[in-house]
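As stored in upload_28.pdb (PDB, C-alpha atoms):
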ATOM      1  CA  MET A 811      10.935   6.491  -9.847
ATOM      2  CA  GLN A 812       8.112   8.260  -7.972
ATOM      3  CA  LEU A 813       6.210   5.623  -5.981
ATOM      4  CA  GLY A 814       3.946   7.910  -3.947
ATOM      5  CA  ALA A 815       2.969   7.302  -0.338
ATOM      6  CA  PHE A 816       4.511   4.346   1.507
ATOM      7  CA  SER A 817       3.005   2.163   4.213
ATOM      8  CA  VAL A 818       3.368  -1.283   5.654
ATOM      9  CA  SER A 819       0.191  -3.351   5.442
ATOM     10  CA  LEU A 820       0.119  -5.829   8.323
ATOM     11  CA  ALA A 821      -1.886  -9.049   8.265
ATOM     12  CA  VAL A 822      -3.276  -9.154  11.828
ATOM     13  CA  LYS A 823      -5.235 -11.773  13.764
ATOM     14  CA  ASP A 824      -7.147  -9.382  16.050
ATOM     15  CA  ILE A 825      -7.547  -5.867  14.673
ATOM     16  CA  GLN A 826      -8.620  -4.337  17.989
ATOM     17  CA  ALA A 827      -5.650  -5.843  19.870
ATOM     18  CA  SER A 828      -3.292  -4.604  17.128
ATOM     19  CA  LYS A 829      -4.889  -1.142  17.160
ATOM     20  CA  ALA A 830      -4.473  -0.899  20.952
ATOM     21  CA  PHE A 831      -0.839  -2.029  20.675
ATOM     22  CA  TYR A 832       0.146   0.502  17.988
ATOM     23  CA  GLU A 833      -1.695   3.310  19.788
ATOM     24  CA  LYS A 834       0.862   2.828  22.590
ATOM     25  CA  PHE A 835       3.501   3.867  20.029
ATOM     26  CA  GLY A 836       1.572   7.062  19.272
ATOM     27  CA  PHE A 837      -0.297   5.867  16.180
ATOM     28  CA  LYS A 838      -3.809   7.218  15.666
ATOM     29  CA  VAL A 839      -6.575   5.931  13.387
ATOM     30  CA  PHE A 840      -6.554   7.772  10.065
ATOM     31  CA  ALA A 841      -9.041   5.695   8.036
ATOM     32  CA  GLY A 842     -10.809   2.346   7.966
ATOM     33  CA  ASP A 843     -13.880   0.390   8.939
ATOM     34  CA  ALA A 844     -12.625  -0.886  12.368
ATOM     35  CA  GLN A 845     -13.844  -4.438  11.629
ATOM     36  CA  HIS A 846     -11.555  -5.512   8.790
ATOM     37  CA  TRP A 847      -9.023  -2.756   8.145
ATOM     38  CA  LEU A 848      -7.574   0.383   9.684
ATOM     39  CA  VAL A 849      -4.909   2.832   8.591
ATOM     40  CA  LEU A 850      -2.943   4.373  11.449
ATOM     41  CA  LYS A 851      -0.531   7.316  11.363
ATOM     42  CA  ASN A 852       2.155   8.698  13.617
ATOM     43  CA  GLY A 853       3.532  11.788  11.894
ATOM     44  CA  PRO A 854       4.703  10.698   8.437
ATOM     45  CA  HIS A 855       4.680   6.987   9.412
ATOM     46  CA  VAL A 856       1.739   4.953   8.122
ATOM     47  CA  ILE A 857       0.730   1.372   8.853
ATOM     48  CA  GLY A 858      -2.332  -0.525   7.729
ATOM     49  CA  LEU A 859      -3.941  -3.241   9.841
ATOM     50  CA  PHE A 860      -5.841  -5.846   7.818
ATOM     51  CA  GLN A 861      -7.710  -8.699   9.497
ATOM     52  CA  GLY A 862      -8.560 -11.661   7.287
ATOM     53  CA  MET A 863      -7.646  -9.861   4.065
ATOM     54  CA  PHE A 864      -4.003 -10.856   3.436
ATOM     55  CA  GLU A 865      -1.876 -13.876   4.261
ATOM     56  CA  LYS A 866       1.379 -11.932   4.615
ATOM     57  CA  ASN A 867       2.541  -8.435   5.487
ATOM     58  CA  ILE A 868       2.860  -6.217   2.394
ATOM     59  CA  LEU A 869       4.976  -3.191   1.497
ATOM     60  CA  THR A 870       2.526  -0.775  -0.133
ATOM     61  CA  PHE A 871       3.148   2.214  -2.405
ATOM     62  CA  ASN A 872       0.351   4.548  -3.532
ATOM     63  CA  PRO A 873       1.216   6.560  -6.660
ATOM     64  CA  GLY A 874      -0.684   9.840  -6.752
ATOM     65  CA  TRP A 875      -0.970  10.192  -2.961
ATOM     66  CA  ASP A 876       1.100  11.871  -0.283
ATOM     67  CA  SER A 877       1.274  10.386   3.238
ATOM     68  CA  ASN A 878      -2.065  12.054   4.101
ATOM     69  CA  ALA A 879      -3.848  10.324   1.190
ATOM     70  CA  SER A 880      -4.108  13.700  -0.554
ATOM     71  CA  LYS A 881      -3.860  13.679  -4.328
ATOM     72  CA  LEU A 882      -0.558  14.909  -5.717
ATOM     73  CA  ASP A 883      -0.607  17.453  -8.546
ATOM     74  CA  THR A 884       1.885  15.397 -10.543
ATOM     75  CA  PHE A 885       2.816  11.738 -10.172
ATOM     76  CA  THR A 886       3.961   8.726 -12.154
ATOM     77  CA  ASP A 887       0.992   6.578 -13.182
ATOM     78  CA  VAL A 888       0.954   2.979 -11.952
ATOM     79  CA  ARG A 889       0.970   1.697 -15.547
ATOM     80  CA  ASP A 890       4.173   3.663 -16.294
ATOM     81  CA  LEU A 891       5.798   2.237 -13.162
ATOM     82  CA  GLN A 892       4.708  -1.238 -14.231
ATOM     83  CA  ARG A 893       6.208  -0.839 -17.708
ATOM     84  CA  GLU A 894       9.483   0.468 -16.254
ATOM     85  CA  LEU A 895       9.811  -2.410 -13.799
ATOM     86  CA  LYS A 896       8.926  -5.024 -16.421
ATOM     87  CA  ALA A 897      11.543  -3.532 -18.761
ATOM     88  CA  GLN A 898      14.077  -4.092 -15.959
ATOM     89  CA  GLY A 899      13.084  -7.751 -15.696
ATOM     90  CA  VAL A 900      10.898  -7.559 -12.594
ATOM     91  CA  GLN A 901       8.357 -10.393 -12.627
ATOM     92  CA  LEU A 902       4.833  -9.316 -11.663
ATOM     93  CA  THR A 903       2.342 -11.497  -9.803
ATOM     94  CA  THR A 904      -0.621  -9.398 -10.942
ATOM     95  CA  GLU A 905      -0.671  -6.546 -13.439
ATOM     96  CA  ALA A 906      -2.610  -3.348 -14.025
ATOM     97  CA  ASP A 907      -4.544  -3.200 -17.292
ATOM     98  CA  GLU A 908      -2.311  -0.975 -19.400
ATOM     99  CA  THR A 909      -5.265   0.110 -21.568
ATOM    100  CA  SER A 910      -7.099   1.540 -18.550
ATOM    101  CA  THR A 911      -6.791   4.880 -16.752
ATOM    102  CA  GLY A 912      -7.310   5.910 -13.138
ATOM    103  CA  PRO A 913      -7.175   3.504 -10.204
ATOM    104  CA  ALA A 914      -5.194   0.297 -10.769
ATOM    105  CA  SER A 915      -2.585  -1.851  -9.078
ATOM    106  CA  PHE A 916       0.078  -4.474  -9.562
ATOM    107  CA  LEU A 917       1.812  -6.891  -7.225
ATOM    108  CA  THR A 918       5.317  -8.315  -7.217
ATOM    109  CA  MET A 919       7.490 -10.252  -4.783
ATOM    110  CA  ASP A 920      10.987  -9.357  -3.660
ATOM    111  CA  PRO A 921      13.680 -12.082  -3.766
ATOM    112  CA  ASP A 922      12.661 -13.259  -0.273
ATOM    113  CA  GLY A 923       8.970 -13.601  -1.132
ATOM    114  CA  ASN A 924       7.823 -10.356   0.504
ATOM    115  CA  PRO A 925       4.833  -8.926  -1.376
ATOM    116  CA  ILE A 926       5.084  -5.398  -2.789
ATOM    117  CA  LEU A 927       1.808  -3.777  -3.821
ATOM    118  CA  VAL A 928       1.730  -0.660  -5.992
ATOM    119  CA  ASP A 929      -1.853   0.534  -5.586
ATOM    120  CA  GLN A 930      -3.032   3.748  -7.261
ATOM    121  CA  HIS A 931      -6.364   5.138  -6.017
ATOM    122  CA  VAL A 932      -6.561   8.242  -8.246
TER     123      VAL A 932
END

Take the structure in this file and express it as structure tokens.
Amino acid sequence: MQLGAFSVSLAVKDIQASKAFYEKFGFKVFAGDAQHWLVLKNGPHVIGLFQGMFEKNILTFNPGWDSNASKLDTFTDVRDLQRELKAQGVQLTTEADETSTGPASFLTMDPDGNPILVDQHV
């Protein structure tokens, strides 16, 4: 199963304090608007900081992207991943429209209630 790029999306209370903290670990801003969300990278490691957008931390996979948010030549579409997981009995919280193409996402929870977002941007 090709899930694409992986990151941890952190629900933070103060985005600037979190940014300053993770910069001490060598992370640098890669993308974002600095007021509500930032994506930081340290080599292949990616974290997202999201203030006021999520209640919990989220494991995020981005089909179609590598760790630099560059489009992959070949990848497994989010709708195919969704069908495969549903066929294995995975319950989804939200689903991608299987009649659509392009960007889409679905959300599930692991057995401990940790959110897993599969979010395709291409």

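A cut-off of 10 Å from the point (6.9, -4.4, -13.2), with only C-alpha atoms, picks out the residues Val888, Arg889, Asp890, Leu891, Gln892, Arg893, Glu894, Leu895, Lys896, Ala897, Gln898, Gly899, Val900, Gln901, Leu902, Thr903, Thr904, Glu905, Ala906, Phe916, Leu917, Thr918 and Val928 of chain A.
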
Excluding A:Gly814 and residues on its chain fewer than 5 positions from it, collect all residues at most 10 Å away from it, counting only C-alpha atoms, and give them as a PDB file with C-alpha atoms, in the coordinates of the input.
ATOM      1  CA  THR A 870       2.526  -0.775  -0.133  1.00  0.00           C
ATOM      2  CA  PHE A 871       3.148   2.214  -2.405  1.00  0.00           C
ATOM      3  CA  ASN A 872       0.351   4.548  -3.532  1.00  0.00           C
ATOM      4  CA  PRO A 873       1.216   6.560  -6.660  1.00  0.00           C
ATOM      5  CA  GLY A 874      -0.684   9.840  -6.752  1.00  0.00           C
ATOM      6  CA  TRP A 875      -0.970  10.192  -2.961  1.00  0.00           C
ATOM      7  CA  ASP A 876       1.100  11.871  -0.283  1.00  0.00           C
ATOM      8  CA  SER A 877       1.274  10.386   3.238  1.00  0.00           C
ATOM      9  CA  ALA A 879      -3.848  10.324   1.190  1.00  0.00           C
ATOM     10  CA  LYS A 881      -3.860  13.679  -4.328  1.00  0.00           C
ATOM     11  CA  LEU A 882      -0.558  14.909  -5.717  1.00  0.00           C
ATOM     12  CA  PHE A 885       2.816  11.738 -10.172  1.00  0.00           C
ATOM     13  CA  THR A 886       3.961   8.726 -12.154  1.00  0.00           C
ATOM     14  CA  ASP A 887       0.992   6.578 -13.182  1.00  0.00           C
ATOM     15  CA  VAL A 888       0.954   2.979 -11.952  1.00  0.00           C
ATOM     16  CA  VAL A 928       1.730  -0.660  -5.992  1.00  0.00           C
ATOM     17  CA  ASP A 929      -1.853   0.534  -5.586  1.00  0.00           C
ATOM     18  CA  GLN A 930      -3.032   3.748  -7.261  1.00  0.00           C
TER      19      GLN A 930
END

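If you measure from each of A:Ala844, A:Val856, A:Leu813, A:Val818 to A:Ile868 using all atoms listed in the file, the closest one turns out to be A:Val818.
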
Determine the residue set returned by the PyMOL selection byres ((chain A and resi 825) around 10) for the present structure, and present it as a short mmCIF file (atom, residue, chain, number, x, y, z; two decimals) with C-alpha atoms, in the coordinates of the input.
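What ended up in expr_30.cif:
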data_model
loop_
_atom_site.label_atom_id
_atom_site.label_comp_id
_atom_site.auth_asym_id
_atom_site.auth_seq_id
_atom_site.Cartn_x
_atom_site.Cartn_y
_atom_site.Cartn_z
CA LEU A 820 0.12 -5.83 8.32
CA ALA A 821 -1.89 -9.05 8.26
CA VAL A 822 -3.28 -9.15 11.83
CA LYS A 823 -5.24 -11.77 13.76
CA ASP A 824 -7.15 -9.38 16.05
CA GLN A 826 -8.62 -4.34 17.99
CA ALA A 827 -5.65 -5.84 19.87
CA SER A 828 -3.29 -4.60 17.13
CA LYS A 829 -4.89 -1.14 17.16
CA ALA A 830 -4.47 -0.90 20.95
CA PHE A 831 -0.84 -2.03 20.68
CA ALA A 844 -12.62 -0.89 12.37
CA GLN A 845 -13.84 -4.44 11.63
CA HIS A 846 -11.56 -5.51 8.79
CA TRP A 847 -9.02 -2.76 8.14
CA LEU A 848 -7.57 0.38 9.68
CA LEU A 859 -3.94 -3.24 9.84
CA PHE A 860 -5.84 -5.85 7.82
CA GLN A 861 -7.71 -8.70 9.50
CA GLY A 862 -8.56 -11.66 7.29
#

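Within 6 Å of A:Ser819, once all atoms listed in the file are used and residues closer than 2 positions along the same chain are dropped, the contacting residues are Ile857, Gly858, Asn867 and Ile868 of chain A.
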
Quick one: distance from atom CA of A:Lys866 to atom CA of A:Asn924 in Å, one decimal?
-> 7.8 Å

Could you work out how far atom CA of A:Gly842 lies from atom CA of A:Glu908, giving the answer in Å with one decimal?
-> 28.8 Å

Check which residues satisfy the PyMOL selection byres ((chain A and resi 838) around 9) in the file shown, then give them as a PyMOL selection string.
-> chain A and resi 829+832-833+836-837+839-840+849-852

Where is the centre and how long are the edges: axis-aligned box on stretch 910-918 of chain A, 4 Å on each side, Å to one decimal, as lines of an AutoDock Vina configuration file:
center_x = -1.0
center_y = -1.2
center_z = -12.9
size_x = 20.6
size_y = 22.2
size_z = 19.3

Pick out the closest residue to A:Asn878 from this set: A:Gly912, A:Met919, A:Asp907, A:Ala841. Count only C-alpha atoms.
-> A:Ala841

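When atom CA of A:Ala914 is paired with atom CA of A:Leu927, their separation reads 10.7 Å.
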
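With only C-alpha atoms as the atoms that count, the minimum distance from A:Thr911 to the choices A:Val932, A:Glu865, A:Pro925, A:Met811 is reached by A:Val932.
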